[in-house]
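Structure first, then comments.
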Amino acid sequence: RAAAGARRAAKAAPPPSASSPLSANDGYLYYPWSTVEGHVETIAAALERDGFRPDTLLGITRGGLVPATLLAQRLEIRNLLTATTIFYTDDGEKFFGLTAPRFLHFPEANLIKGRRILIVDDVWDSGTTVAMVKDKCLRSGVAEVRVATLTFKPKMSAIAGAPEYYADETEKWVVYPWEKLSPVVKSKINVPEELDAPEGAAAAAAAE
């Protein structure tokens, strides 16, 4: 379900089956790699249908790095840059009382000026970080900039609009597979081995 104003939003993925994203605790949702790859494919297909071919992918650290890399592989794009921001800790608290995101790193203007940019992040929560990155892109003279996130949280968004491309909607705190090593995440959820295992390994274990 695409939000109002998201003219080019990717068609939302169908509701997950019981064996796909796992609600490990109330308010938490764990996405295995198979779901992440499916979301990347949904976004890539929407980009292709839309005819938007970015020159450069701009991944927002840390959450957008893996999705940006997967999209770069899928779209065969070599130009992959990063924007490093700080706002939330791993447990969802704001760093040192910050009231807005802060840049730690952003590409030099000459690297993105005149280019078609696709900003990539894992989730649009409040939307403030993505909006800040998009605004800086525009002020750097890009030809066009659009946003893709794996997940969109419409009720949590603090700004108008939505990502042009996204594959899923939820209001829960999403835990992605690359976050499992975080001590904070480990203390909050427990991912069953059978869900997290690669499909082939899970099938082999089940056959024993």
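Starting from 1 in every chain, residues are counted up; chains themselves are A, B, ... following the order of the structure tokens, and ligands are numbered from 1 as listed.
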Could I get the residues of segment 112-154 of chain A with an atom no further than 10 Å from an atom of segment 36-49 of chain A, each paired with its nearest atom pair and that distance in Å to one decimal, using only C-alpha atoms, sorted by chain and residue number, as a Markdown table?
```
| residue | atom | partner | partner_atom | distance |
| --- | --- | --- | --- | --- |
| A:Asp122 | CA | A:Val36 | CA | 9.5 |
| A:Ala148 | CA | A:Ile43 | CA | 7.3 |
| A:Thr149 | CA | A:Ile43 | CA | 8.4 |
| A:Leu150 | CA | A:His39 | CA | 6.0 |
| A:Thr151 | CA | A:His39 | CA | 8.6 |
```
Within 8 Å of segment 175-186 of chain A, counting only C-alpha atoms, which residues qualify if same-chain residues fewer than 5 places away don't, as a PDB file with N, CA, C and O atoms, in the first residue's frame?
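Contents of the output file selection_18.pdb:
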```
ATOM      1  N   TYR A  28       8.629  -5.825  18.143  1.00  0.00           N
ATOM      2  CA  TYR A  28       9.839  -6.108  17.379  1.00  0.00           C
ATOM      3  C   TYR A  28       9.525  -7.053  16.228  1.00  0.00           C
ATOM      4  O   TYR A  28       8.732  -7.971  16.362  1.00  0.00           O
ATOM      5  N   LEU A  29      10.191  -6.808  15.102  1.00  0.00           N
ATOM      6  CA  LEU A  29      10.002  -7.638  13.926  1.00  0.00           C
ATOM      7  C   LEU A  29      11.371  -7.983  13.367  1.00  0.00           C
ATOM      8  O   LEU A  29      12.180  -7.083  13.104  1.00  0.00           O
ATOM      9  N   TYR A  30      11.667  -9.259  13.232  1.00  0.00           N
ATOM     10  CA  TYR A  30      12.952  -9.676  12.683  1.00  0.00           C
ATOM     11  C   TYR A  30      12.787 -10.096  11.229  1.00  0.00           C
ATOM     12  O   TYR A  30      11.932 -10.915  10.899  1.00  0.00           O
ATOM     13  N   TYR A  31      13.627  -9.535  10.352  1.00  0.00           N
ATOM     14  CA  TYR A  31      13.606  -9.894   8.944  1.00  0.00           C
ATOM     15  C   TYR A  31      14.816 -10.760   8.623  1.00  0.00           C
ATOM     16  O   TYR A  31      15.958 -10.315   8.778  1.00  0.00           O
ATOM     17  N   PRO A  32      14.618 -11.993   8.159  1.00  0.00           N
ATOM     18  CA  PRO A  32      15.748 -12.822   7.716  1.00  0.00           C
ATOM     19  C   PRO A  32      16.268 -12.323   6.372  1.00  0.00           C
ATOM     20  O   PRO A  32      15.652 -11.490   5.707  1.00  0.00           O
ATOM     21  N   TRP A  33      17.418 -12.860   5.955  1.00  0.00           N
ATOM     22  CA  TRP A  33      18.031 -12.418   4.708  1.00  0.00           C
ATOM     23  C   TRP A  33      17.107 -12.600   3.505  1.00  0.00           C
ATOM     24  O   TRP A  33      17.102 -11.777   2.588  1.00  0.00           O
ATOM     25  N   VAL A  36      14.905  -9.614   3.222  1.00  0.00           N
ATOM     26  CA  VAL A  36      15.666  -8.436   2.791  1.00  0.00           C
ATOM     27  C   VAL A  36      15.916  -8.493   1.281  1.00  0.00           C
ATOM     28  O   VAL A  36      15.701  -7.509   0.562  1.00  0.00           O
ATOM     29  N   VAL A  66      24.051  -1.974   3.820  1.00  0.00           N
ATOM     30  CA  VAL A  66      23.795  -3.291   3.217  1.00  0.00           C
ATOM     31  C   VAL A  66      22.740  -3.198   2.114  1.00  0.00           C
ATOM     32  O   VAL A  66      22.964  -3.712   1.011  1.00  0.00           O
ATOM     33  N   ASP A  90      21.527   2.163  19.295  1.00  0.00           N
ATOM     34  CA  ASP A  90      20.975   0.860  18.910  1.00  0.00           C
ATOM     35  C   ASP A  90      19.671   0.530  19.638  1.00  0.00           C
ATOM     36  O   ASP A  90      18.887  -0.290  19.157  1.00  0.00           O
ATOM     37  N   ASP A  91      19.465   1.129  20.801  1.00  0.00           N
ATOM     38  CA  ASP A  91      18.228   0.834  21.524  1.00  0.00           C
ATOM     39  C   ASP A  91      17.158   1.898  21.300  1.00  0.00           C
ATOM     40  O   ASP A  91      16.160   1.959  22.013  1.00  0.00           O
TER      41      ASP A  91
END
```
Atom CA of Ile60 of chain A to atom CA of Ser187 of chain A, distance in Å rounded to a single decimal:
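These atoms are spaced 25.0 Å apart.
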>> Given only C-alpha atoms as the basis, pick out the residue of A:Asp55, A:Glu76, A:Glu164, A:Glu171 nearest to Val142 of chain A.
In response: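 Closest to Val142 of chain A, using only C-alpha atoms: A:Asp55.
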Fill in: Two-atom distance - atom CA of Lys153 of chain A, atom CA of Arg139 of chain A (Å)
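Computing the Euclidean distance for atom CA of Lys153 of chain A and atom CA of Arg139 of chain A yields 26.5 Å.
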message: For a quick check of understanding, using only C-alpha atoms, which of A:Val133, A:Ile117, A:Leu104, A:Ala68 has the smallest distance to Thr56 of chain A?
response: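 Selected residue with least distance to Thr56 of chain A: A:Ile117.
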Using DSSP on the backbone, list every residue of segment 60-181 of chain A that comes out as strand (DSSP E), and give them as a ChimeraX atom specification. /A:60-61,80-86,102-105,116-124,144-152,165-169,173-175
TODO: Determine, counting only C-alpha atoms, which protein, DNA and RNA residues have an atom within 6 Å of an atom of segment 106-113 of chain A; residues of the same chain fewer than 2 positions away are not included. Present the result as an MDAnalysis selection string.
DONE: chainID A and resid 83 115 140:142
Mind running segment 131-189 of chain A against segment 50-54 of chain A at 9 Å and telling me each contacting residue's nearest atom pair with the distance in Å (one decimal), counting only C-alpha atoms, chain and number ascending, as a tab-separated table?
```
residue	atom	partner	partner_atom	distance
A:Glu144	CA	A:Pro54	CA	8.7
A:Val145	CA	A:Pro54	CA	8.5
A:Arg146	CA	A:Pro54	CA	8.9
```
Output file for the residues above (N, CA and C atoms, as a tab-separated table (two decimals), in the first residue's frame):
```
chain	number	residue	atom	x	y	z
A	144	GLU	N	18.81	15.13	-9.95
A	144	GLU	CA	17.57	14.57	-9.41
A	144	GLU	C	17.92	13.68	-8.23
A	145	VAL	N	17.04	13.63	-7.25
A	145	VAL	CA	17.28	12.77	-6.10
A	145	VAL	C	15.97	12.13	-5.67
A	146	ARG	N	16.02	10.82	-5.44
A	146	ARG	CA	14.88	10.07	-4.95
A	146	ARG	C	15.34	9.20	-3.78
```
Just to confirm, what's the straight-line distance from atom CA of Lys172 of chain A to atom CA of Cys137 of chain A in Å (one decimal)?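 Interatomic distance, atom CA of Lys172 of chain A to atom CA of Cys137 of chain A: 29.2 Å.
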